[in-house]
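A.B. asks: Coordinates in upload35.cif, mmCIF, N, CA and C atoms, are listed below.
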data_run
loop_
_atom_site.label_atom_id
_atom_site.label_comp_id
_atom_site.auth_asym_id
_atom_site.auth_seq_id
_atom_site.Cartn_x
_atom_site.Cartn_y
_atom_site.Cartn_z
N MET A 229 -85.84 -110.24 -51.30
CA MET A 229 -86.29 -109.32 -52.34
C MET A 229 -87.46 -108.50 -51.81
N PHE A 230 -88.56 -109.14 -51.46
CA PHE A 230 -89.64 -108.48 -50.76
C PHE A 230 -90.29 -109.48 -49.83
N GLU A 231 -91.14 -108.97 -48.95
CA GLU A 231 -91.70 -109.84 -47.92
C GLU A 231 -92.35 -111.08 -48.52
N PRO A 232 -92.16 -112.20 -47.85
CA PRO A 232 -92.68 -113.46 -48.39
C PRO A 232 -94.21 -113.50 -48.34
N LEU A 233 -94.75 -114.29 -49.23
CA LEU A 233 -96.20 -114.48 -49.33
C LEU A 233 -96.52 -115.88 -48.84
N ASP A 234 -97.48 -115.97 -47.95
CA ASP A 234 -97.92 -117.25 -47.45
C ASP A 234 -99.15 -117.67 -48.25
N ILE A 235 -98.97 -118.60 -49.18
CA ILE A 235 -100.06 -119.08 -50.02
C ILE A 235 -101.00 -119.93 -49.16
N GLN A 236 -102.28 -119.61 -49.21
CA GLN A 236 -103.29 -120.37 -48.48
C GLN A 236 -104.08 -121.22 -49.47
N GLU A 237 -103.67 -122.45 -49.66
CA GLU A 237 -104.30 -123.35 -50.64
C GLU A 237 -105.78 -123.58 -50.32
N SER A 238 -106.15 -123.56 -49.04
CA SER A 238 -107.52 -123.88 -48.65
C SER A 238 -108.42 -122.65 -48.54
N SER A 239 -107.93 -121.48 -48.94
CA SER A 239 -108.70 -120.25 -48.75
C SER A 239 -109.87 -120.11 -49.72
N GLY A 240 -109.85 -120.84 -50.81
CA GLY A 240 -110.88 -120.67 -51.83
C GLY A 240 -110.51 -119.61 -52.85
N VAL A 241 -109.48 -118.82 -52.57
CA VAL A 241 -109.00 -117.81 -53.51
C VAL A 241 -107.91 -118.46 -54.34
N PRO A 242 -108.03 -118.41 -55.68
CA PRO A 242 -107.01 -119.04 -56.52
C PRO A 242 -105.61 -118.55 -56.18
N VAL A 243 -104.64 -119.44 -56.26
CA VAL A 243 -103.26 -119.13 -55.91
C VAL A 243 -102.75 -117.94 -56.73
N TRP A 244 -103.02 -117.92 -58.04
CA TRP A 244 -102.53 -116.83 -58.88
C TRP A 244 -103.08 -115.50 -58.39
N LEU A 245 -104.32 -115.50 -57.89
CA LEU A 245 -104.95 -114.28 -57.42
C LEU A 245 -104.35 -113.83 -56.09
N GLN A 246 -104.00 -114.78 -55.25
CA GLN A 246 -103.31 -114.43 -54.00
C GLN A 246 -101.98 -113.75 -54.29
N ILE A 247 -101.25 -114.31 -55.26
CA ILE A 247 -99.95 -113.74 -55.62
C ILE A 247 -100.15 -112.35 -56.23
N ARG A 248 -101.10 -112.23 -57.15
CA ARG A 248 -101.37 -110.96 -57.80
C ARG A 248 -101.75 -109.89 -56.78
N ASN A 249 -102.69 -110.22 -55.89
CA ASN A 249 -103.14 -109.25 -54.90
C ASN A 249 -102.01 -108.82 -53.98
N HIS A 250 -101.12 -109.76 -53.65
CA HIS A 250 -99.98 -109.43 -52.81
C HIS A 250 -99.05 -108.44 -53.52
N LEU A 251 -98.76 -108.71 -54.78
CA LEU A 251 -97.89 -107.80 -55.53
C LEU A 251 -98.54 -106.43 -55.72
N VAL A 252 -99.85 -106.41 -55.99
CA VAL A 252 -100.55 -105.12 -56.12
C VAL A 252 -100.47 -104.37 -54.80
N PHE A 253 -100.66 -105.06 -53.69
CA PHE A 253 -100.56 -104.43 -52.38
C PHE A 253 -99.17 -103.83 -52.17
N LEU A 254 -98.13 -104.60 -52.52
CA LEU A 254 -96.76 -104.11 -52.34
C LEU A 254 -96.49 -102.87 -53.19
N ILE A 255 -97.04 -102.85 -54.39
CA ILE A 255 -96.86 -101.68 -55.26
C ILE A 255 -97.65 -100.50 -54.72
N LYS A 256 -98.92 -100.73 -54.38
CA LYS A 256 -99.78 -99.64 -53.89
C LYS A 256 -99.25 -99.05 -52.58
N SER A 257 -98.71 -99.91 -51.71
CA SER A 257 -98.23 -99.45 -50.40
C SER A 257 -96.87 -98.75 -50.49
N GLY A 258 -96.20 -98.87 -51.66
CA GLY A 258 -94.89 -98.24 -51.81
C GLY A 258 -93.73 -99.13 -51.41
N ARG A 259 -94.02 -100.34 -50.98
CA ARG A 259 -92.93 -101.26 -50.65
C ARG A 259 -92.18 -101.67 -51.91
N LEU A 260 -92.90 -101.72 -53.03
CA LEU A 260 -92.26 -101.85 -54.34
C LEU A 260 -92.48 -100.54 -55.06
N ARG A 261 -91.41 -99.93 -55.52
CA ARG A 261 -91.48 -98.61 -56.14
C ARG A 261 -91.20 -98.71 -57.64
N PRO A 262 -91.63 -97.67 -58.38
CA PRO A 262 -91.34 -97.66 -59.82
C PRO A 262 -89.85 -97.93 -60.07
N GLY A 263 -89.59 -98.85 -61.00
CA GLY A 263 -88.22 -99.21 -61.35
C GLY A 263 -87.68 -100.39 -60.58
N ASP A 264 -88.33 -100.76 -59.45
CA ASP A 264 -87.86 -101.92 -58.70
C ASP A 264 -87.99 -103.17 -59.57
N VAL A 265 -86.94 -103.97 -59.55
CA VAL A 265 -86.91 -105.20 -60.34
C VAL A 265 -87.61 -106.32 -59.56
N LEU A 266 -88.46 -107.05 -60.27
CA LEU A 266 -89.15 -108.19 -59.66
C LEU A 266 -88.34 -109.45 -59.86
N PRO A 267 -88.56 -110.45 -59.02
CA PRO A 267 -87.88 -111.72 -59.24
C PRO A 267 -88.31 -112.30 -60.59
N THR A 268 -87.49 -113.12 -61.16
CA THR A 268 -87.88 -113.78 -62.40
C THR A 268 -89.08 -114.67 -62.11
N VAL A 269 -89.83 -114.98 -63.14
CA VAL A 269 -90.99 -115.86 -62.99
C VAL A 269 -90.53 -117.19 -62.40
N ARG A 270 -89.47 -117.73 -62.94
CA ARG A 270 -88.96 -119.02 -62.48
C ARG A 270 -88.54 -118.97 -61.00
N HIS A 271 -87.85 -117.90 -60.62
CA HIS A 271 -87.39 -117.77 -59.23
C HIS A 271 -88.58 -117.65 -58.28
N LEU A 272 -89.55 -116.80 -58.60
CA LEU A 272 -90.69 -116.60 -57.72
C LEU A 272 -91.53 -117.88 -57.62
N ALA A 273 -91.70 -118.57 -58.74
CA ALA A 273 -92.45 -119.84 -58.72
C ALA A 273 -91.76 -120.83 -57.79
N GLY A 274 -90.43 -120.93 -57.89
CA GLY A 274 -89.69 -121.84 -57.01
C GLY A 274 -89.78 -121.43 -55.56
N GLU A 275 -89.67 -120.15 -55.31
CA GLU A 275 -89.72 -119.63 -53.94
C GLU A 275 -91.08 -119.91 -53.30
N LEU A 276 -92.15 -119.77 -54.09
CA LEU A 276 -93.50 -119.97 -53.57
C LEU A 276 -93.96 -121.42 -53.67
N GLY A 277 -93.22 -122.22 -54.42
CA GLY A 277 -93.62 -123.62 -54.59
C GLY A 277 -94.85 -123.77 -55.46
N VAL A 278 -94.96 -122.91 -56.49
CA VAL A 278 -96.10 -122.98 -57.41
C VAL A 278 -95.59 -123.20 -58.83
N ASN A 279 -96.50 -123.52 -59.70
CA ASN A 279 -96.17 -123.76 -61.10
C ASN A 279 -95.68 -122.48 -61.77
N TYR A 280 -94.71 -122.62 -62.65
CA TYR A 280 -94.17 -121.51 -63.44
C TYR A 280 -95.29 -120.73 -64.13
N ASN A 281 -96.24 -121.46 -64.73
CA ASN A 281 -97.33 -120.83 -65.48
C ASN A 281 -98.22 -119.96 -64.59
N THR A 282 -98.33 -120.32 -63.33
CA THR A 282 -99.13 -119.53 -62.38
C THR A 282 -98.53 -118.14 -62.23
N VAL A 283 -97.23 -118.08 -61.99
CA VAL A 283 -96.56 -116.78 -61.82
C VAL A 283 -96.53 -116.02 -63.14
N HIS A 284 -96.33 -116.75 -64.23
CA HIS A 284 -96.33 -116.12 -65.56
C HIS A 284 -97.67 -115.43 -65.81
N LYS A 285 -98.77 -116.08 -65.45
CA LYS A 285 -100.12 -115.49 -65.59
C LYS A 285 -100.22 -114.21 -64.76
N VAL A 286 -99.70 -114.23 -63.54
CA VAL A 286 -99.73 -113.05 -62.67
C VAL A 286 -98.98 -111.89 -63.33
N TYR A 287 -97.78 -112.15 -63.81
CA TYR A 287 -96.97 -111.11 -64.42
C TYR A 287 -97.66 -110.56 -65.68
N GLN A 288 -98.25 -111.44 -66.48
CA GLN A 288 -98.97 -110.98 -67.67
C GLN A 288 -100.14 -110.09 -67.28
N ASP A 289 -100.87 -110.49 -66.25
CA ASP A 289 -102.02 -109.73 -65.79
C ASP A 289 -101.59 -108.36 -65.27
N LEU A 290 -100.52 -108.33 -64.50
CA LEU A 290 -100.03 -107.05 -63.97
C LEU A 290 -99.52 -106.15 -65.09
N GLU A 291 -98.92 -106.76 -66.10
CA GLU A 291 -98.45 -105.97 -67.24
C GLU A 291 -99.63 -105.40 -68.03
N THR A 292 -100.65 -106.21 -68.24
CA THR A 292 -101.85 -105.76 -68.93
C THR A 292 -102.48 -104.58 -68.20
N ASP A 293 -102.45 -104.62 -66.88
CA ASP A 293 -103.01 -103.53 -66.07
C ASP A 293 -102.06 -102.34 -65.94
N GLY A 294 -100.87 -102.44 -66.53
CA GLY A 294 -99.94 -101.32 -66.52
C GLY A 294 -99.16 -101.16 -65.23
N LEU A 295 -99.18 -102.18 -64.37
CA LEU A 295 -98.48 -102.07 -63.10
C LEU A 295 -97.01 -102.46 -63.18
N ILE A 296 -96.70 -103.35 -64.12
CA ILE A 296 -95.30 -103.73 -64.31
C ILE A 296 -94.97 -103.67 -65.80
N CYS A 297 -93.70 -103.63 -66.09
CA CYS A 297 -93.21 -103.68 -67.47
C CYS A 297 -92.32 -104.90 -67.59
N SER A 298 -92.49 -105.61 -68.69
CA SER A 298 -91.68 -106.80 -68.95
C SER A 298 -91.18 -106.75 -70.38
N GLN A 299 -89.98 -107.23 -70.56
CA GLN A 299 -89.42 -107.37 -71.90
C GLN A 299 -88.82 -108.75 -71.99
N ARG A 300 -89.09 -109.42 -73.09
CA ARG A 300 -88.59 -110.79 -73.27
C ARG A 300 -87.08 -110.82 -73.08
N GLY A 301 -86.64 -111.76 -72.26
CA GLY A 301 -85.21 -111.90 -72.01
C GLY A 301 -84.66 -110.95 -70.97
N ARG A 302 -85.52 -110.09 -70.43
CA ARG A 302 -85.09 -109.15 -69.40
C ARG A 302 -85.98 -109.30 -68.18
N ARG A 303 -85.57 -108.72 -67.10
CA ARG A 303 -86.35 -108.80 -65.86
C ARG A 303 -87.55 -107.88 -65.94
N SER A 304 -88.58 -108.21 -65.19
CA SER A 304 -89.76 -107.36 -65.07
C SER A 304 -89.51 -106.36 -63.95
N TYR A 305 -90.11 -105.19 -64.10
CA TYR A 305 -89.93 -104.16 -63.08
C TYR A 305 -91.24 -103.39 -62.90
N VAL A 306 -91.34 -102.70 -61.77
CA VAL A 306 -92.54 -101.93 -61.45
C VAL A 306 -92.61 -100.72 -62.38
N ALA A 307 -93.78 -100.52 -62.97
CA ALA A 307 -93.98 -99.41 -63.91
C ALA A 307 -94.00 -98.08 -63.16
N ASP A 308 -93.73 -97.04 -63.89
CA ASP A 308 -93.75 -95.69 -63.34
C ASP A 308 -95.19 -95.18 -63.37
N ILE A 309 -95.92 -95.48 -62.31
CA ILE A 309 -97.33 -95.09 -62.22
C ILE A 309 -97.60 -94.43 -60.88
N ASP A 310 -98.70 -93.70 -60.81
CA ASP A 310 -99.12 -93.06 -59.58
C ASP A 310 -99.81 -94.11 -58.72
N ARG A 311 -99.30 -94.36 -57.53
CA ARG A 311 -99.87 -95.37 -56.64
C ARG A 311 -101.33 -95.11 -56.32
N ASP A 312 -101.72 -93.84 -56.30
CA ASP A 312 -103.11 -93.50 -55.98
C ASP A 312 -104.08 -93.96 -57.06
N ASP A 313 -103.57 -94.22 -58.25
CA ASP A 313 -104.43 -94.68 -59.36
C ASP A 313 -104.66 -96.19 -59.34
N ILE A 314 -103.99 -96.88 -58.42
CA ILE A 314 -104.11 -98.34 -58.36
C ILE A 314 -105.32 -98.71 -57.51
N ALA A 315 -106.22 -99.47 -58.11
CA ALA A 315 -107.41 -99.91 -57.38
C ALA A 315 -107.16 -101.29 -56.80
N MET A 316 -107.50 -101.45 -55.55
CA MET A 316 -107.40 -102.74 -54.89
C MET A 316 -108.80 -103.34 -54.82
N PRO A 317 -108.91 -104.63 -55.09
CA PRO A 317 -110.23 -105.25 -54.90
C PRO A 317 -110.63 -105.12 -53.44
N SER A 318 -111.92 -104.85 -53.18
CA SER A 318 -112.35 -104.67 -51.81
C SER A 318 -112.38 -105.99 -51.05
N SER A 319 -112.47 -107.10 -51.75
CA SER A 319 -112.41 -108.41 -51.11
C SER A 319 -111.94 -109.43 -52.14
N PRO A 320 -111.48 -110.59 -51.65
CA PRO A 320 -111.05 -111.62 -52.60
C PRO A 320 -112.16 -112.04 -53.56
N ILE A 321 -113.40 -112.04 -53.09
CA ILE A 321 -114.50 -112.46 -53.97
C ILE A 321 -114.66 -111.48 -55.13
N ASP A 322 -114.42 -110.20 -54.90
CA ASP A 322 -114.50 -109.22 -56.00
C ASP A 322 -113.48 -109.54 -57.08
N ALA A 323 -112.30 -109.92 -56.67
CA ALA A 323 -111.26 -110.27 -57.64
C ALA A 323 -111.64 -111.52 -58.42
N VAL A 324 -112.23 -112.50 -57.71
CA VAL A 324 -112.65 -113.72 -58.38
C VAL A 324 -113.78 -113.42 -59.37
N ILE A 325 -114.70 -112.55 -58.98
CA ILE A 325 -115.80 -112.17 -59.87
C ILE A 325 -115.25 -111.46 -61.10
N ASP A 326 -114.30 -110.56 -60.91
CA ASP A 326 -113.68 -109.87 -62.05
C ASP A 326 -113.09 -110.88 -63.03
N GLU A 327 -112.39 -111.87 -62.48
CA GLU A 327 -111.77 -112.89 -63.34
C GLU A 327 -112.83 -113.73 -64.03
N LEU A 328 -113.89 -114.09 -63.32
CA LEU A 328 -114.97 -114.89 -63.89
C LEU A 328 -115.63 -114.15 -65.05
N VAL A 329 -115.93 -112.88 -64.86
CA VAL A 329 -116.56 -112.09 -65.92
C VAL A 329 -115.63 -111.96 -67.12
N SER A 330 -114.35 -111.72 -66.86
CA SER A 330 -113.38 -111.62 -67.97
C SER A 330 -113.31 -112.92 -68.76
N LEU A 331 -113.23 -114.04 -68.04
CA LEU A 331 -113.17 -115.34 -68.72
C LEU A 331 -114.46 -115.62 -69.50
N ALA A 332 -115.59 -115.24 -68.92
CA ALA A 332 -116.87 -115.45 -69.62
C ALA A 332 -116.90 -114.65 -70.91
N ARG A 333 -116.48 -113.40 -70.85
CA ARG A 333 -116.46 -112.56 -72.06
C ARG A 333 -115.53 -113.12 -73.12
N GLU A 334 -114.33 -113.55 -72.68
CA GLU A 334 -113.36 -114.12 -73.62
C GLU A 334 -113.89 -115.39 -74.26
N SER A 335 -114.74 -116.11 -73.54
CA SER A 335 -115.29 -117.38 -74.03
C SER A 335 -116.60 -117.21 -74.77
N GLY A 336 -117.10 -115.97 -74.83
CA GLY A 336 -118.36 -115.72 -75.54
C GLY A 336 -119.60 -116.09 -74.74
N VAL A 337 -119.46 -116.27 -73.43
CA VAL A 337 -120.60 -116.58 -72.58
C VAL A 337 -121.35 -115.29 -72.29
N THR A 338 -122.67 -115.32 -72.50
CA THR A 338 -123.47 -114.11 -72.27
C THR A 338 -123.69 -113.87 -70.77
N LYS A 339 -124.08 -112.67 -70.45
CA LYS A 339 -124.36 -112.31 -69.06
C LYS A 339 -125.46 -113.20 -68.50
N GLY A 340 -126.53 -113.39 -69.29
CA GLY A 340 -127.64 -114.22 -68.83
C GLY A 340 -127.22 -115.66 -68.57
N ASP A 341 -126.40 -116.21 -69.48
CA ASP A 341 -125.94 -117.59 -69.32
C ASP A 341 -125.03 -117.71 -68.10
N LEU A 342 -124.17 -116.73 -67.90
CA LEU A 342 -123.27 -116.75 -66.75
C LEU A 342 -124.07 -116.71 -65.46
N LEU A 343 -125.04 -115.80 -65.38
CA LEU A 343 -125.86 -115.69 -64.17
C LEU A 343 -126.64 -116.99 -63.92
N MET A 344 -127.16 -117.59 -64.99
CA MET A 344 -127.88 -118.84 -64.85
C MET A 344 -126.95 -119.94 -64.30
N ARG A 345 -125.73 -119.99 -64.82
CA ARG A 345 -124.78 -121.00 -64.36
C ARG A 345 -124.41 -120.79 -62.89
N VAL A 346 -124.24 -119.54 -62.49
CA VAL A 346 -123.92 -119.25 -61.08
C VAL A 346 -125.09 -119.66 -60.19
N GLU A 347 -126.31 -119.33 -60.60
CA GLU A 347 -127.49 -119.73 -59.82
C GLU A 347 -127.59 -121.24 -59.72
N GLU A 348 -127.34 -121.95 -60.81
CA GLU A 348 -127.37 -123.42 -60.79
C GLU A 348 -126.33 -123.98 -59.82
N GLU A 349 -125.16 -123.35 -59.79
CA GLU A 349 -124.11 -123.81 -58.88
C GLU A 349 -124.52 -123.59 -57.43
N PHE A 350 -125.12 -122.43 -57.12
CA PHE A 350 -125.62 -122.19 -55.78
C PHE A 350 -126.67 -123.23 -55.40
N ASP A 351 -127.58 -123.52 -56.31
CA ASP A 351 -128.63 -124.52 -56.05
C ASP A 351 -128.02 -125.90 -55.81
N ARG A 352 -127.01 -126.24 -56.61
CA ARG A 352 -126.36 -127.54 -56.45
C ARG A 352 -125.68 -127.64 -55.08
N ILE A 353 -125.02 -126.59 -54.66
CA ILE A 353 -124.32 -126.59 -53.38
C ILE A 353 -125.30 -126.62 -52.21
N ASP A 354 -126.42 -125.89 -52.36
CA ASP A 354 -127.42 -125.82 -51.29
C ASP A 354 -128.18 -127.12 -51.11
N SER A 355 -128.19 -128.00 -52.15
CA SER A 355 -128.97 -129.24 -52.00
C SER A 355 -128.18 -130.37 -51.38
#
How does this structure look as structure tokens?
C.D. replies:
Amino acid sequence: MFEPLDIQESSGVPVWLQIRNHLVFLIKSGRLRPGDVLPTVRHLAGELGVNYNTVHKVYQDLETDGLICSQRGRRSYVADIDRDDIAMPSSPIDAVIDELVSLARESGVTKGDLLMRVEEEFDRIDS
């Protein structure tokens, strides 16, 4: 279907984010074009050896960002978008930070509390 993804469990980058970034890269690079059908969530999860929910989260995230279109009971496909409008994270840590901030907002965690928690984690690791 498209080039395989080598999941790096020890990279520190969450598996779902590795999958998401790979699909975004394929769309931005033109290897996946508008209208191209994506593998089913179940098929891709089996192919990659990851949990169904992991791939489902990726597809939901890509749909929220307008990169793919999904309809219940039908296959997902690449949305008709301008590839130049697709932003790629400059590094894996940027993508993780984006996810952390989103989760913090959804959970009602304030910016100050989040920063304090990150600083505490750095201090814990450094000791």
A.B. asks: Give me, please, the distance in Å between atom C of Gly258 of chain A and atom C of Ile309 of chain A, quoted to one decimal.
C.D. replies: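 Result for atom C of Gly258 of chain A versus atom C of Ile309 of chain A: 11.3 Å, one decimal.
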A.B. asks: Please build the interface table for segment 246-281 of chain A against segment 289-300 of chain A with a cut-off of 8 Å, listing for each qualifying residue the nearest atom pair and the distance in Å to one decimal; count all atoms listed in the file, order rows by chain and increasing number, and write it as a Markdown table.
C.D. replies:
| residue | atom | partner | partner_atom | distance |
| --- | --- | --- | --- | --- |
| A:Arg248 | CA | A:Leu290 | N | 7.2 |
| A:Val252 | CA | A:Leu295 | CA | 7.9 |
| A:Ile255 | CA | A:Leu295 | C | 8.0 |
A.B. asks: Just the number, please: distance in Å from atom N of Gly301 of chain A to atom CA of Glu275 of chain A, one decimal.
C.D. replies: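 One can read the atom N of Gly301 of chain A to atom CA of Glu275 of chain A distance as 20.2 Å.
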A.B. asks: Just asking: which residues within segment 236-345 of chain A are helix (DSSP H, G or I) according to DSSP, as number ranges by chain?
C.D. replies: A: 237-239, 243-257, 269-276, 280-292, 311-313, 320-335, 339-345
A.B. asks: Extract, using only C-alpha atoms, all DNA, RNA and protein residues at most 12 Å from Arg303 of chain A, discarding same-chain residues fewer than 4 positions from it, and format them as a PyMOL selection string.
C.D. replies: chain A and resi 263-271+287+296-299
A.B. asks: Point out the residue among A:Leu343, A:Ser355, A:Leu233, A:Gln288 with the least atom-to-atom distance to Leu276 of chain A, counting only N, CA and C atoms.
C.D. replies: A:Leu233
A.B. asks: Using only C-alpha atoms, which residue out of A:Pro232, A:Ser335, A:Ala315, A:Trp244 lies closest to Asn279 of chain A?
C.D. replies: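 Closest residue, counting only C-alpha atoms: A:Trp244.
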A.B. asks: As an exercise, work out the distance from atom CA of Arg333 of chain A to atom CA of His250 of chain A in Å and give it to one decimal place.
C.D. replies: 25.5 Å
A.B. asks: Choose the residue, out of A:Asp308, A:Asp354, A:Glu348, A:Asp234, that has the smallest atom-to-atom separation from Pro262 of chain A; count all atoms listed in the file.
C.D. replies: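 Among the listed residues, A:Asp308 lies closest to Pro262 of chain A.
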A.B. asks: Generate the missing atoms of segment 346-355 of chain A up to all heavy atoms and report them as a short mmCIF file (atom, residue, chain, number, x, y, z; two decimals), keeping the file's coordinate frame.
C.D. replies:
data_model
loop_
_atom_site.label_atom_id
_atom_site.label_comp_id
_atom_site.auth_asym_id
_atom_site.auth_seq_id
_atom_site.Cartn_x
_atom_site.Cartn_y
_atom_site.Cartn_z
N VAL A 346 -124.24 -119.54 -62.49
CA VAL A 346 -123.92 -119.25 -61.08
C VAL A 346 -125.09 -119.66 -60.19
O VAL A 346 -124.90 -120.29 -59.14
CB VAL A 346 -123.55 -117.76 -60.90
CG1 VAL A 346 -123.46 -117.40 -59.42
CG2 VAL A 346 -122.24 -117.43 -61.60
N GLU A 347 -126.31 -119.33 -60.60
CA GLU A 347 -127.49 -119.73 -59.82
C GLU A 347 -127.59 -121.24 -59.72
O GLU A 347 -127.90 -121.79 -58.64
CB GLU A 347 -128.76 -119.15 -60.45
CG GLU A 347 -128.93 -117.68 -60.23
CD GLU A 347 -130.16 -117.10 -60.90
OE1 GLU A 347 -130.96 -117.87 -61.48
OE2 GLU A 347 -130.34 -115.88 -60.82
N GLU A 348 -127.34 -121.95 -60.81
CA GLU A 348 -127.37 -123.42 -60.79
C GLU A 348 -126.33 -123.98 -59.82
O GLU A 348 -126.59 -124.95 -59.11
CB GLU A 348 -127.13 -123.97 -62.20
CG GLU A 348 -128.30 -123.80 -63.13
CD GLU A 348 -127.98 -124.21 -64.57
OE1 GLU A 348 -126.81 -124.53 -64.88
OE2 GLU A 348 -128.93 -124.20 -65.39
N GLU A 349 -125.16 -123.35 -59.79
CA GLU A 349 -124.11 -123.81 -58.88
C GLU A 349 -124.52 -123.59 -57.43
O GLU A 349 -124.30 -124.44 -56.57
CB GLU A 349 -122.79 -123.13 -59.18
CG GLU A 349 -121.62 -123.60 -58.37
CD GLU A 349 -121.27 -125.08 -58.58
OE1 GLU A 349 -121.72 -125.71 -59.57
OE2 GLU A 349 -120.55 -125.63 -57.72
N PHE A 350 -125.12 -122.43 -57.12
CA PHE A 350 -125.62 -122.19 -55.78
C PHE A 350 -126.67 -123.23 -55.40
O PHE A 350 -126.65 -123.78 -54.30
CB PHE A 350 -126.22 -120.78 -55.65
CG PHE A 350 -125.24 -119.74 -55.20
CD1 PHE A 350 -124.75 -118.82 -56.10
CD2 PHE A 350 -124.82 -119.68 -53.87
CE1 PHE A 350 -123.84 -117.85 -55.68
CE2 PHE A 350 -123.92 -118.72 -53.46
CZ PHE A 350 -123.43 -117.80 -54.35
N ASP A 351 -127.58 -123.52 -56.31
CA ASP A 351 -128.63 -124.52 -56.05
C ASP A 351 -128.02 -125.90 -55.81
O ASP A 351 -128.46 -126.63 -54.92
CB ASP A 351 -129.62 -124.59 -57.23
CG ASP A 351 -130.47 -123.33 -57.35
OD1 ASP A 351 -130.52 -122.55 -56.38
OD2 ASP A 351 -131.07 -123.14 -58.43
N ARG A 352 -127.01 -126.24 -56.61
CA ARG A 352 -126.36 -127.54 -56.45
C ARG A 352 -125.68 -127.64 -55.08
O ARG A 352 -125.80 -128.65 -54.39
CB ARG A 352 -125.31 -127.75 -57.55
CG ARG A 352 -124.68 -129.14 -57.55
CD ARG A 352 -123.52 -129.24 -58.52
NE ARG A 352 -122.37 -128.43 -58.14
CZ ARG A 352 -121.51 -128.74 -57.15
NH1 ARG A 352 -121.69 -129.81 -56.43
NH2 ARG A 352 -120.48 -127.95 -56.90
N ILE A 353 -125.02 -126.59 -54.66
CA ILE A 353 -124.32 -126.59 -53.38
C ILE A 353 -125.30 -126.62 -52.21
O ILE A 353 -125.07 -127.29 -51.21
CB ILE A 353 -123.38 -125.37 -53.27
CG1 ILE A 353 -122.22 -125.52 -54.24
CG2 ILE A 353 -122.86 -125.19 -51.84
CD1 ILE A 353 -121.35 -124.29 -54.38
N ASP A 354 -126.42 -125.89 -52.36
CA ASP A 354 -127.42 -125.82 -51.29
C ASP A 354 -128.18 -127.12 -51.11
O ASP A 354 -128.79 -127.35 -50.07
CB ASP A 354 -128.40 -124.67 -51.55
CG ASP A 354 -127.76 -123.31 -51.33
OD1 ASP A 354 -126.71 -123.25 -50.67
OD2 ASP A 354 -128.32 -122.31 -51.82
N SER A 355 -128.19 -128.00 -52.15
CA SER A 355 -128.97 -129.24 -52.00
C SER A 355 -128.18 -130.37 -51.38
O SER A 355 -127.11 -130.42 -51.13
CB SER A 355 -129.54 -129.75 -53.30
OG SER A 355 -129.08 -129.23 -54.46
#
